[in-house]
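Undergrad: You'll find protein19.cif just under this line, and it carries mmCIF, C-alpha atoms and all ligand atoms.
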```cif
data_protein
#
loop_
_atom_site.label_atom_id
_atom_site.label_comp_id
_atom_site.auth_asym_id
_atom_site.auth_seq_id
_atom_site.Cartn_x
_atom_site.Cartn_y
_atom_site.Cartn_z
CA MET A 421 144.20 -120.43 67.90
CA THR A 422 146.46 -118.09 69.88
CA LYS A 423 146.01 -114.50 68.73
CA ASN A 424 149.12 -112.45 68.07
CA ILE A 425 148.71 -108.83 69.22
CA LEU A 426 150.96 -105.90 68.37
CA ILE A 427 151.16 -103.39 71.21
CA THR A 428 152.61 -99.97 70.40
CA GLY A 429 153.92 -98.09 73.45
CA GLY A 430 153.81 -101.37 75.38
CA ALA A 431 156.77 -100.46 77.59
CA GLY A 432 154.87 -97.50 79.05
CA TYR A 433 152.67 -97.29 82.12
CA ILE A 434 149.33 -98.56 80.80
CA GLY A 435 150.96 -100.59 78.03
CA SER A 436 153.14 -102.67 80.35
CA HIS A 437 150.18 -103.57 82.60
CA THR A 438 148.07 -104.45 79.56
CA VAL A 439 150.81 -106.61 78.05
CA LEU A 440 150.94 -108.58 81.29
CA GLN A 441 147.16 -109.13 81.29
CA LEU A 442 147.35 -110.15 77.61
CA LEU A 443 150.04 -112.74 78.30
CA LEU A 444 148.15 -114.11 81.29
CA GLY A 445 145.04 -114.22 79.10
CA GLY A 446 146.83 -116.49 76.63
CA PHE A 447 147.64 -113.97 73.90
CA LYS A 448 150.99 -113.58 72.15
CA ALA A 449 152.34 -110.05 72.46
CA VAL A 450 154.76 -108.13 70.27
CA VAL A 451 155.69 -104.78 71.81
CA ILE A 452 157.14 -101.86 69.92
CA ASP A 453 158.28 -98.77 71.80
CA ASN A 454 160.93 -96.11 71.19
CA LEU A 455 161.51 -95.94 74.99
CA ASP A 456 161.14 -92.14 74.91
CA ASN A 457 159.09 -92.22 78.09
CA SER A 458 159.74 -95.73 79.37
CA SER A 459 162.33 -98.31 80.26
CA GLU A 460 163.09 -101.74 78.87
CA ILE A 461 163.21 -102.91 82.50
CA ALA A 462 159.41 -102.75 82.47
CA ILE A 463 159.40 -105.32 79.66
CA LYS A 464 161.81 -107.59 81.55
CA ARG A 465 159.63 -107.41 84.65
CA VAL A 466 156.44 -108.13 82.71
CA THR A 467 158.17 -111.20 81.25
CA GLU A 468 159.05 -112.37 84.76
CA LEU A 469 155.59 -111.69 86.18
CA ALA A 470 154.01 -113.65 83.32
CA GLY A 471 155.92 -116.82 84.33
CA ASP A 472 155.57 -119.52 81.66
CA PHE A 473 153.61 -117.10 79.46
CA GLY A 474 156.62 -114.77 79.40
CA LYS A 475 157.98 -116.64 76.39
CA ASN A 476 155.08 -115.23 74.36
CA LEU A 477 156.42 -111.67 74.62
CA VAL A 478 158.72 -110.11 72.02
CA PHE A 479 160.08 -106.56 72.25
CA HIS A 480 161.41 -104.29 69.48
CA GLN A 481 162.76 -100.82 70.15
CA LEU A 482 161.13 -98.99 67.28
CA ASP A 483 159.73 -95.54 66.58
CA LEU A 484 156.36 -95.49 64.85
CA ARG A 485 157.60 -92.73 62.58
CA ASN A 486 160.26 -95.09 61.21
CA ARG A 487 158.09 -96.29 58.35
CA GLU A 488 160.70 -98.68 56.96
CA ALA A 489 161.16 -100.49 60.26
CA LEU A 490 157.39 -100.73 60.71
CA GLU A 491 157.00 -102.16 57.18
CA GLN A 492 159.74 -104.66 57.94
CA LEU A 493 157.99 -105.77 61.14
CA PHE A 494 154.64 -106.29 59.41
CA ALA A 495 156.33 -108.07 56.50
CA THR A 496 157.81 -110.65 58.86
CA SER A 497 154.92 -111.13 61.33
CA ASN A 498 151.18 -111.71 61.24
CA PHE A 499 149.17 -109.65 63.68
CA ASP A 500 145.55 -110.40 64.49
CA ALA A 501 145.05 -106.95 66.04
CA VAL A 502 146.91 -103.88 67.28
CA ILE A 503 146.56 -102.04 70.58
CA HIS A 504 147.91 -98.55 70.00
CA PHE A 505 149.18 -96.81 73.15
CA ALA A 506 152.26 -95.08 71.73
CA GLY A 507 152.12 -91.33 72.01
CA LEU A 508 153.26 -88.31 73.95
CA LYS A 509 150.82 -87.32 76.69
CA ALA A 510 151.94 -84.26 78.67
CA VAL A 511 149.32 -81.53 78.26
CA GLY A 512 151.62 -78.61 79.22
CA GLU A 513 154.43 -79.80 76.95
CA SER A 514 151.95 -80.11 74.08
CA VAL A 515 151.07 -76.42 74.46
CA GLU A 516 154.77 -75.50 74.31
CA LYS A 517 155.68 -77.94 71.52
CA PRO A 518 152.56 -78.53 69.42
CA LEU A 519 154.47 -79.67 66.34
CA LEU A 520 156.27 -82.33 68.35
CA TYR A 521 152.88 -83.67 69.46
CA TYR A 522 151.33 -83.54 66.00
CA ASN A 523 154.42 -85.13 64.50
CA ASN A 524 154.74 -87.92 67.03
CA ASN A 525 151.10 -88.74 67.72
CA ILE A 526 149.44 -88.06 64.37
CA ILE A 527 152.20 -89.05 61.94
CA GLY A 528 153.05 -92.09 64.07
CA THR A 529 149.39 -93.17 63.95
CA ILE A 530 148.99 -92.56 60.21
CA ASN A 531 152.11 -94.66 59.54
CA LEU A 532 150.72 -97.42 61.69
CA LEU A 533 147.28 -97.38 60.05
CA GLU A 534 148.74 -97.32 56.53
CA VAL A 535 151.06 -100.24 57.21
CA MET A 536 148.23 -102.16 58.92
CA ALA A 537 146.00 -101.62 55.87
CA VAL A 538 148.67 -102.76 53.43
CA HIS A 539 149.14 -105.95 55.41
CA GLY A 540 145.43 -106.61 55.89
CA CYS A 541 145.50 -106.15 59.67
CA LYS A 542 142.39 -104.06 60.28
CA LYS A 543 141.55 -104.56 63.94
CA LEU A 544 142.58 -101.75 66.25
CA VAL A 545 142.13 -100.70 69.86
CA PHE A 546 143.16 -97.08 70.37
CA SER A 547 144.01 -95.20 73.59
CA SER A 548 141.81 -92.16 73.55
CA SER A 549 141.11 -90.01 76.55
CA ALA A 550 138.41 -88.32 78.55
CA THR A 551 140.21 -85.15 77.50
CA VAL A 552 138.01 -85.24 74.35
CA TYR A 553 135.05 -84.20 76.55
CA GLY A 554 136.81 -80.88 77.24
CA TRP A 555 135.04 -79.12 80.10
CA PRO A 556 131.84 -81.19 80.24
CA LYS A 557 128.65 -79.24 80.97
CA GLU A 558 127.27 -82.18 82.93
CA VAL A 559 128.43 -85.49 84.35
CA PRO A 560 128.65 -88.42 83.98
CA CYS A 561 130.10 -88.09 80.47
CA THR A 562 128.48 -90.47 78.01
CA GLU A 563 130.10 -91.51 74.77
CA ASP A 564 127.70 -89.40 72.70
CA PHE A 565 128.66 -86.10 74.41
CA PRO A 566 129.92 -83.32 72.12
CA LEU A 567 133.67 -83.50 71.68
CA CYS A 568 136.11 -80.69 72.16
CA ALA A 569 139.83 -80.35 72.63
CA THR A 570 141.39 -77.74 74.87
CA ASN A 571 145.08 -78.24 74.01
CA PRO A 572 147.27 -79.81 71.28
CA TYR A 573 147.53 -83.14 73.12
CA GLY A 574 143.75 -83.35 73.30
CA ARG A 575 143.51 -82.40 69.64
CA THR A 576 145.77 -85.31 68.69
CA LYS A 577 143.30 -87.65 70.43
CA LEU A 578 140.33 -86.00 68.75
CA PHE A 579 141.98 -86.08 65.29
CA ILE A 580 142.97 -89.72 65.65
CA GLU A 581 139.42 -90.62 66.71
CA GLU A 582 138.14 -88.84 63.57
CA ILE A 583 140.77 -90.56 61.39
CA CYS A 584 139.59 -93.92 62.73
CA ARG A 585 135.95 -93.07 62.00
CA ASP A 586 136.96 -92.02 58.46
CA ILE A 587 138.96 -95.15 57.67
CA TYR A 588 136.05 -97.30 58.79
CA LEU A 589 133.65 -95.28 56.60
CA SER A 590 135.99 -95.78 53.64
CA ASP A 591 136.55 -99.50 54.26
CA SER A 592 134.12 -101.53 56.35
CA GLU A 593 136.70 -104.26 56.93
CA TRP A 594 138.16 -102.06 59.66
CA LYS A 595 137.06 -102.86 63.21
CA VAL A 596 138.12 -100.17 65.63
CA ILE A 597 137.51 -99.63 69.33
CA LEU A 598 138.33 -96.21 70.74
CA LEU A 599 138.79 -96.39 74.51
CA ARG A 600 138.39 -93.11 76.39
CA TYR A 601 140.34 -93.50 79.61
CA PHE A 602 139.53 -91.42 82.63
CA ASN A 603 142.35 -91.12 85.20
CA PRO A 604 144.52 -94.24 85.42
CA VAL A 605 146.33 -94.67 88.74
CA GLY A 606 147.80 -97.44 90.91
CA ALA A 607 150.09 -100.25 89.90
CA HIS A 608 150.19 -104.01 89.55
CA PRO A 609 149.59 -105.54 93.04
CA SER A 610 153.04 -107.20 92.88
CA GLY A 611 154.63 -103.74 93.13
CA TYR A 612 156.99 -104.88 90.36
CA ILE A 613 155.64 -102.63 87.58
CA GLY A 614 154.08 -99.17 87.86
CA GLU A 615 154.16 -95.61 86.59
CA ASP A 616 157.57 -94.00 86.22
CA PRO A 617 157.22 -90.57 84.66
CA ARG A 618 160.33 -88.72 83.45
CA GLY A 619 161.01 -85.40 85.17
CA ILE A 620 158.47 -83.57 87.31
CA PRO A 621 155.14 -85.44 87.27
CA ASN A 622 152.20 -83.59 85.70
CA ASN A 623 149.54 -85.79 87.19
CA LEU A 624 148.24 -85.95 90.72
CA MET A 625 149.09 -89.45 91.91
CA PRO A 626 152.65 -89.73 90.56
CA PHE A 627 153.31 -86.41 92.31
CA VAL A 628 151.75 -87.60 95.58
CA GLN A 629 153.83 -90.75 95.35
CA GLN A 630 157.06 -88.76 94.97
CA VAL A 631 156.16 -86.63 97.99
CA ALA A 632 155.54 -89.80 100.01
CA VAL A 633 158.99 -91.24 99.21
CA GLY A 634 160.70 -87.92 100.01
CA ARG A 635 161.58 -86.86 96.47
CA ARG A 636 159.42 -83.71 96.65
CA PRO A 637 158.59 -81.62 99.73
CA SER A 638 154.87 -81.06 99.20
CA LEU A 639 151.93 -81.37 96.85
CA THR A 640 150.54 -78.22 95.29
CA VAL A 641 146.73 -78.42 95.19
CA TYR A 642 145.54 -76.58 92.12
CA GLY A 643 142.39 -74.82 93.26
CA ASN A 644 140.23 -75.22 96.35
CA ASP A 645 137.45 -72.89 95.26
CA TYR A 646 135.63 -75.17 92.82
CA SER A 647 131.93 -75.87 93.40
CA THR A 648 132.71 -79.39 94.60
CA LYS A 649 132.32 -81.15 97.96
CA ASP A 650 135.62 -79.76 99.35
CA GLY A 651 136.47 -77.16 96.70
CA THR A 652 139.09 -79.30 94.90
CA GLY A 653 138.83 -80.83 91.41
CA VAL A 654 136.94 -84.08 90.97
CA ARG A 655 138.05 -86.91 88.65
CA ASP A 656 137.23 -90.52 87.84
CA TYR A 657 140.31 -92.46 88.99
CA ILE A 658 140.61 -96.00 87.67
CA HIS A 659 143.01 -98.76 88.74
CA VAL A 660 145.47 -99.47 85.93
CA VAL A 661 144.80 -103.22 86.20
CA ASP A 662 141.07 -102.63 85.68
CA LEU A 663 141.95 -100.41 82.74
CA SER A 664 144.19 -103.13 81.30
CA ASP A 665 141.41 -105.68 81.62
CA GLY A 666 139.22 -103.25 79.68
CA HIS A 667 141.60 -103.70 76.73
CA ILE A 668 141.26 -107.47 76.88
CA ALA A 669 137.48 -107.02 76.89
CA ALA A 670 137.77 -104.71 73.86
CA LEU A 671 139.95 -107.22 72.00
CA ARG A 672 137.49 -110.00 72.73
CA LYS A 673 134.75 -107.77 71.34
CA LEU A 674 136.78 -107.28 68.14
CA PHE A 675 137.21 -111.03 67.76
CA GLU A 676 133.79 -112.14 68.90
CA SER A 677 130.91 -112.85 66.59
CA ASN A 678 127.49 -111.43 67.32
CA ILE A 679 125.85 -112.34 64.05
CA GLY A 680 123.62 -115.29 63.16
CA VAL A 681 124.82 -118.86 63.57
CA ALA A 682 124.89 -119.56 59.81
CA GLN A 683 126.90 -116.41 59.17
CA GLN A 684 129.16 -117.28 62.08
CA LEU A 685 130.25 -120.37 60.20
CA ILE A 686 131.30 -118.15 57.33
CA PHE A 687 132.65 -115.21 59.30
CA LEU A 688 134.09 -117.26 62.13
CA PHE A 689 135.55 -115.05 64.86
CA GLU A 690 134.56 -111.90 62.98
CA SER A 691 132.53 -109.31 64.83
CA ASN A 692 130.21 -106.82 63.17
CA ILE A 693 131.63 -103.93 65.14
CA GLY A 694 132.62 -100.91 63.02
CA CYS A 695 134.22 -98.02 64.86
CA GLU A 696 132.95 -97.96 68.43
CA VAL A 697 133.87 -95.85 71.42
CA TYR A 698 133.79 -96.80 75.10
CA ASN A 699 134.55 -94.94 78.30
CA LEU A 700 136.85 -96.76 80.69
CA GLY A 701 136.34 -95.35 84.16
CA THR A 702 134.61 -96.28 87.41
CA GLY A 703 131.73 -93.83 87.10
CA LYS A 704 132.66 -92.30 90.48
CA GLY A 705 134.05 -88.84 91.15
CA THR A 706 136.78 -88.34 93.77
CA SER A 707 138.26 -85.00 94.83
CA VAL A 708 141.96 -84.20 95.14
CA LEU A 709 141.70 -84.06 98.94
CA GLU A 710 139.84 -87.39 99.09
CA MET A 711 142.56 -88.99 96.97
CA VAL A 712 145.33 -87.54 99.16
CA SER A 713 143.57 -88.75 102.27
CA ALA A 714 143.15 -92.29 100.84
CA PHE A 715 146.85 -92.30 99.96
CA GLU A 716 147.85 -91.13 103.45
CA LYS A 717 145.78 -93.96 104.93
CA ALA A 718 147.35 -96.54 102.60
CA SER A 719 150.92 -95.37 103.10
CA GLY A 720 150.91 -94.09 106.66
CA LYS A 721 152.72 -91.00 105.28
CA LYS A 722 151.65 -87.41 105.73
CA ILE A 723 151.47 -85.50 102.44
CA PRO A 724 152.18 -81.79 103.10
CA LEU A 725 149.87 -79.61 101.00
CA VAL A 726 150.31 -76.16 99.51
CA MET A 727 147.08 -74.59 98.32
CA ALA A 728 147.40 -72.71 95.04
CA GLY A 729 145.23 -71.23 92.31
CA ARG A 730 143.50 -73.26 89.64
CA ARG A 731 145.69 -74.87 86.97
CA PRO A 732 144.89 -73.22 83.62
CA GLY A 733 142.72 -75.42 81.44
CA ASP A 734 141.54 -77.71 84.25
CA ALA A 735 137.94 -78.85 84.32
CA GLU A 736 136.05 -78.80 87.60
CA VAL A 737 134.36 -82.20 87.67
CA VAL A 738 134.93 -85.03 85.20
CA TYR A 739 133.66 -88.56 85.54
CA GLY A 740 132.29 -91.02 83.06
CA SER A 741 129.31 -93.20 82.50
CA THR A 742 130.31 -96.87 82.48
CA VAL A 743 126.97 -98.15 81.20
CA LYS A 744 128.04 -98.77 77.59
CA ALA A 745 131.26 -100.60 78.48
CA GLU A 746 129.41 -102.73 81.04
CA ARG A 747 126.68 -103.61 78.57
CA GLU A 748 128.69 -104.16 75.41
CA LEU A 749 132.17 -105.12 76.61
CA ASN A 750 130.93 -106.99 79.66
CA TRP A 751 133.59 -105.14 81.63
CA LYS A 752 133.36 -103.23 84.89
CA ALA A 753 136.08 -101.81 87.15
CA LYS A 754 136.58 -103.91 90.29
CA TYR A 755 138.83 -101.71 92.39
CA GLY A 756 138.12 -98.60 94.45
CA ILE A 757 140.41 -95.77 95.54
CA ASP A 758 141.68 -97.67 98.61
CA GLU A 759 143.05 -100.46 96.40
CA MET A 760 144.40 -97.89 93.91
CA CYS A 761 146.34 -96.13 96.69
CA ARG A 762 147.44 -99.40 98.32
CA ASP A 763 148.96 -100.64 95.06
CA GLN A 764 150.43 -97.26 94.16
CA TRP A 765 152.17 -97.15 97.54
CA ASN A 766 153.34 -100.75 97.24
CA TRP A 767 155.02 -99.88 93.92
CA ALA A 768 156.39 -96.56 95.23
CA SER A 769 157.84 -97.97 98.43
CA LYS A 770 159.52 -100.83 96.59
CA ASN A 771 160.71 -98.59 93.71
CA PRO A 772 161.09 -95.05 95.05
CA TYR A 773 162.99 -94.09 91.88
CA GLY A 774 160.81 -96.08 89.52
CA TYR A 775 162.87 -98.22 87.16
CA GLY A 776 165.85 -95.91 87.60
CA SER A 777 168.24 -94.91 90.37
CA PRO A 778 168.48 -91.66 92.38
CA ASP A 779 171.11 -90.42 89.89
CA SER A 780 169.06 -91.14 86.80
CA THR A 781 166.02 -89.04 87.74
CA GLU A 782 165.38 -85.38 88.49
P1 LIG B 801 153.44 -93.67 78.67
O1 LIG B 801 154.19 -92.47 78.27
O2 LIG B 801 153.85 -94.37 79.91
O3 LIG B 801 153.41 -94.73 77.47
C1 LIG B 801 153.46 -94.34 76.12
C2 LIG B 801 154.59 -95.12 75.46
O4 LIG B 801 154.66 -94.79 74.08
C3 LIG B 801 155.95 -94.80 76.09
O5 LIG B 801 156.56 -96.01 76.46
C4 LIG B 801 156.72 -94.11 74.95
O6 LIG B 801 158.10 -94.38 75.01
C5 LIG B 801 156.03 -94.69 73.72
N1 LIG B 801 156.09 -93.84 72.52
C6 LIG B 801 155.77 -92.53 72.41
N2 LIG B 801 155.91 -92.13 71.14
C7 LIG B 801 156.33 -93.20 70.42
C8 LIG B 801 156.66 -93.42 69.06
N3 LIG B 801 156.61 -92.43 68.17
N4 LIG B 801 157.04 -94.66 68.68
C9 LIG B 801 157.13 -95.66 69.56
N5 LIG B 801 156.84 -95.52 70.87
C10 LIG B 801 156.44 -94.30 71.29
O7 LIG B 801 151.89 -93.26 78.75
P2 LIG B 801 150.65 -94.06 79.32
O8 LIG B 801 150.15 -93.35 80.53
O9 LIG B 801 150.95 -95.51 79.40
O10 LIG B 801 149.59 -93.76 78.16
C11 LIG B 801 149.39 -94.66 77.09
C12 LIG B 801 148.40 -94.05 76.13
O11 LIG B 801 147.19 -93.75 76.82
C13 LIG B 801 148.85 -92.72 75.51
O12 LIG B 801 148.43 -92.68 74.17
C14 LIG B 801 148.14 -91.68 76.33
O13 LIG B 801 147.93 -90.51 75.60
C15 LIG B 801 146.83 -92.40 76.64
N6 LIG B 801 146.17 -91.89 77.84
C16 LIG B 801 146.85 -91.84 79.02
C17 LIG B 801 146.24 -91.32 80.16
C18 LIG B 801 146.99 -91.21 81.47
O14 LIG B 801 146.56 -90.42 82.32
N7 LIG B 801 148.05 -91.98 81.70
C19 LIG B 801 144.91 -90.87 80.09
C20 LIG B 801 144.23 -90.95 78.87
C21 LIG B 801 144.87 -91.47 77.75
N1 LIG B 802 146.25 -81.76 90.68
C1 LIG B 802 146.76 -81.05 91.74
N2 LIG B 802 148.10 -81.02 91.90
C2 LIG B 802 148.97 -81.64 91.05
C3 LIG B 802 148.43 -82.35 89.96
C4 LIG B 802 147.07 -82.38 89.80
O1 LIG B 802 146.01 -80.48 92.52
O2 LIG B 802 150.19 -81.56 91.24
C5 LIG B 802 144.79 -81.83 90.52
C6 LIG B 802 144.29 -81.23 89.20
O3 LIG B 802 144.08 -79.86 89.33
C7 LIG B 802 143.00 -82.03 88.98
C8 LIG B 802 143.34 -83.40 89.59
O4 LIG B 802 144.43 -83.20 90.47
O5 LIG B 802 141.94 -81.49 89.69
C9 LIG B 802 143.75 -84.43 88.55
O6 LIG B 802 144.81 -83.90 87.77
P1 LIG B 802 145.67 -84.82 86.78
O7 LIG B 802 146.70 -83.95 86.16
O8 LIG B 802 146.16 -86.03 87.50
O9 LIG B 802 144.59 -85.33 85.73
P2 LIG B 802 143.69 -84.53 84.69
O10 LIG B 802 142.30 -85.05 84.84
O11 LIG B 802 143.87 -83.08 84.78
O12 LIG B 802 144.29 -85.00 83.29
C10 LIG B 802 144.69 -86.36 83.06
C11 LIG B 802 145.70 -86.38 81.93
C12 LIG B 802 145.04 -85.94 80.66
C13 LIG B 802 143.86 -86.81 80.39
C14 LIG B 802 142.90 -86.78 81.55
C15 LIG B 802 141.75 -87.72 81.33
O13 LIG B 802 146.79 -85.53 82.22
O14 LIG B 802 145.93 -86.08 79.60
O15 LIG B 802 143.57 -87.14 82.75
O16 LIG B 802 142.21 -88.98 81.05
F1 LIG B 802 143.23 -86.38 79.29
#
```
Please express what this file holds, its structure, as C-alpha cells.

TA:
Amino acid sequence: MTKNILITGGAGYIGSHTVLQLLLGGFKAVVIDNLDNSSEIAIKRVTELAGDFGKNLVFHQLDLRNREALEQLFATSNFDAVIHFAGLKAVGESVEKPLLYYNNNIIGTINLLEVMAVHGCKKLVFSSSATVYGWPKEVPCTEDFPLCATNPYGRTKLFIEEICRDIYLSDSEWKVILLRYFNPVGAHPSGYIGEDPRGIPNNLMPFVQQVAVGRRPSLTVYGNDYSTKDGTGVRDYIHVVDLSDGHIAALRKLFESNIGVAQQLIFLFESNIGCEVYNLGTGKGTSVLEMVSAFEKASGKKIPLVMAGRRPGDAEVVYGSTVKAERELNWKAKYGIDEMCRDQWNWASKNPYGYGSPDSTE
C-alpha cells in the first residue's frame, strides 16, 4: 500500500530534493513549511518534475510551533512516517539569537513529537548534522564518536538527538533514524530546483555560486594555514540527490522487517529498529581550494579568491565513515565533486537569483 509521508521543512533545499525522490519512489508526500527560508515555487517545480506522481504532493504553509494547526493536520490525515527537516540552520545567527534557535528548533520538534505520539505515528527520520562531532580528534567520524556542540545551532541538533533517544527508551513503539549529514551541495540535474539561501550565504558552495553568476566579487577563503594538503579546511561534500536517496533508504529501513518469518506475519512491515543513527556523507575529504577548482572547471568561470584568517569555530578536517549506512541502509553516495559542481552550476546558471528576482534578493 502507498505510504503517506509527512515532510516538515519540505520546501527547503534538502527537503525539496527529498520530496521529489519520494514522489518518484511511489510515496505520497504531505509537506509542511512556514516558508521562512524557502519559496513555494520550489514545491511547484517539484510537482512538475515529478510528472504523473506530482498529484501525490500536498503542501500546507504551517509553522511547527502552531500546535493547533499541527493537531488539525494530524486529525485529518494518516501519516505512516515523518521526515523532519524543518529548522533554522545558520551557525552565526544561532550565536547571536540563541533563543530564536531553541524556540524554533526545539519547541517545533517537541510539538511535532507530541502530536505524532497522540496520533500513533511513531516513525521518524530526523535531519541531524555532522556538527554534533564538534572538532573531531580523528577522521573519519564514526557514529559512536563522542558528541559535542560548539554553538547553539549544534546544541539544538544534539538536544533533539537526545530527545529522540529518550522517547524511544520510554516507549519502544518509536522507530527513529537520526541522519547526520556532512556537507550537502549541488542540485537536481534538471537545474530546476536547488539551494536558494536568503541573504549572504554562510556556506562555501552557495557563496561560490553567487560569485560565479556575478552577484559577489570574490570568495573569502577562511584560513590557508591548516595542516591539510593545501592549508584550507577539508569537508565531506555530498550531492544533495545522494543525500535525498539516503532518506528513502532510511524510510525503507523503518518500514522493513528484519525479524523471523513467523513474526513477520504478525508484525508485517514493522522493523525492529529502535533509535539508530547514520552518517550520510561520501567518506572523502575535499579542501576548499579543491572544491573551488572543481567548480571553475565545471562552470568555466574564474572565482577570485581573497585569503583571510580562520573562521571562528571552524574545524580543520571533517569527513565521515559511510560503513554503517552502506551496511545497514544499503545506501552509498554515487556522485563525486565533479558532478556536484556540474549540477550546482547548471542550477546557478539557469537561476542566478534562485527562485527570486534580482530585486527580491540582497
Ligand atoms: P533549509 O533552510 O533550506 O530548509 C529548512 C526548511 O524548514 C525551510 O524551508 C524553512 O522555511 C523551514 N522551517 C524552519 N523552521 C520552521 C518551522 N518552525 N515550521 C515550519 N517550517 C520551518 O535548510 P536545509 O539545508 O534544507 O536543511 C534541512 C535540515 O537539514 C535542517 O534541519 C538543517 O539543520 C539540517 N542540516 C542541513 C545541513 C546543510 O548544510 N544544508 C547540514 C546538516 C544538517
Ligand atoms: N569557507 C570559506 N569561505 C566561505 C565559506 C566557507 O572558506 O565563504 C570554508 C570554511 O572555512 C570550511 C569550508 O569552507 O573550511 C566549508 O564551510 P561551510 O560553511 O560550507 O560548511 P561547514 O562544514 O563549516 O558547516 C556546514 C553547516 C553546518 C553543518 C556542517 C556539517 O554550516 O551547520 O556543515 O553538516 F553542521

Undergrad: Which residue gives the smallest distance to ligand LIG 801 (chain B) among A:Gly634, A:Gly528, A:Gly703, A:Gly445, with all atoms listed in the file counted?

TA: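 Among A:Gly634, A:Gly528, A:Gly703, A:Gly445, it is A:Gly528 that comes nearest to ligand LIG 801 (chain B).
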
Undergrad: Excluding Lys464 (chain A) and its own-chain neighbours fewer than 5 positions away, which residues fall within 10 Å of it when counting only C-alpha atoms? Please give them as a ChimeraX atom specification.

TA: /A:431,459,469,474,477,479,613

Undergrad: Collect all residues with atoms no farther than 9 Å from ligand LIG 802 (chain B), counting all atoms listed in the file, and output them as a PyMOL selection string.

TA: chain A and resi 509-512+548-554+573-574+577+600-605+621-628+639-644+652-657+707-709+711+727-728+730-738

Undergrad: Expressed in Å to a single decimal, how great is the separation between CA of Gly776 (chain A) and atom C11 of ligand LIG 801 (chain B)?

TA: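 Taking CA of Gly776 (chain A) as the start and atom C11 of ligand LIG 801 (chain B) as the end point, the length is 19.6 Å.
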
Undergrad: Write as an MDAnalysis selection string the residues around ligand LIG 801 (chain B), taking 7 Å as the cut-off and counting all atoms listed in the file.

TA: chainID A and resid 428:435 452:458 482:485 505:509 524:525 528 547:550 600:604 615 617

Undergrad: Fewer than 6 positions away in the same chain doesn't count, so skip those; otherwise give me all residues within 6 Å of region 557-567 of chain A, counting all atoms listed in the file, as a list in words.

TA: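 Close residues of region 557-567 of chain A: Tyr739, Gly740 and Ser741 of chain A.
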
Undergrad: Could you please give me, as a count of residues only, the residues of protein, DNA or RNA lying at most 7 Å from (147.4, -94.8, 94.4) in the coordinate frame of the file, considering all atoms listed in the file?

TA: 10

Undergrad: Counting all atoms listed in the file, which residue out of A:Gly756, A:Gly619, A:Pro637, A:Gly701 sits closest to Ala714 (chain A)?

TA: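 Selected residue with least distance to Ala714 (chain A): A:Gly756.
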
Undergrad: Check the smallest atom-to-atom distance from each of A:Val535, A:Thr706, A:Glu516, A:Leu440 to Lys649 (chain A) using only C-alpha atoms, then report the winner.

TA: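 For Lys649 (chain A), the nearest of the given residues is A:Thr706.
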
Undergrad: Restricting the calculation to all atoms listed in the file, which member of A:Glu759, A:Ile658, A:Leu533, A:Asn699 is positioned closest to Trp594 (chain A)?

TA: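 For Trp594 (chain A), the nearest of the given residues is A:Leu533.
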
Undergrad: Closest to Asp586 (chain A) among A:Lys754, A:Cys695, A:Ala462, A:Asn424, using only C-alpha atoms?

TA: A:Cys695

Undergrad: Using all atoms listed in the file, which protein or nucleic acid residues come within 12 Å of Ile583 (chain A)? Drop anything in the same chain fewer than 6 positions from it, and give the result as a list in words.

TA: Ile526, Ile527, Thr529, Ile530, Leu533, Glu534, Phe546, Arg575, Thr576, Lys577, Leu589, Ser590, Trp594, Val596, Leu598 and Cys695 of chain A

Undergrad: I need the residues from that last selection saved to file as a PDB file, in the frame of the given file (with C-alpha atoms), if you can.

TA:
```pdb
ATOM      1  CA  ILE A 526     149.440 -88.060  64.370  1.00  0.00           C
ATOM      2  CA  ILE A 527     152.200 -89.050  61.940  1.00  0.00           C
ATOM      3  CA  THR A 529     149.390 -93.170  63.950  1.00  0.00           C
ATOM      4  CA  ILE A 530     148.990 -92.560  60.210  1.00  0.00           C
ATOM      5  CA  LEU A 533     147.280 -97.380  60.050  1.00  0.00           C
ATOM      6  CA  GLU A 534     148.740 -97.320  56.530  1.00  0.00           C
ATOM      7  CA  PHE A 546     143.160 -97.080  70.370  1.00  0.00           C
ATOM      8  CA  ARG A 575     143.510 -82.400  69.640  1.00  0.00           C
ATOM      9  CA  THR A 576     145.770 -85.310  68.690  1.00  0.00           C
ATOM     10  CA  LYS A 577     143.300 -87.650  70.430  1.00  0.00           C
ATOM     11  CA  LEU A 589     133.650 -95.280  56.600  1.00  0.00           C
ATOM     12  CA  SER A 590     135.990 -95.780  53.640  1.00  0.00           C
ATOM     13  CA  TRP A 594     138.160-102.060  59.660  1.00  0.00           C
ATOM     14  CA  VAL A 596     138.120-100.170  65.630  1.00  0.00           C
ATOM     15  CA  LEU A 598     138.330 -96.210  70.740  1.00  0.00           C
ATOM     16  CA  CYS A 695     134.220 -98.020  64.860  1.00  0.00           C
TER      17      CYS A 695
END
```
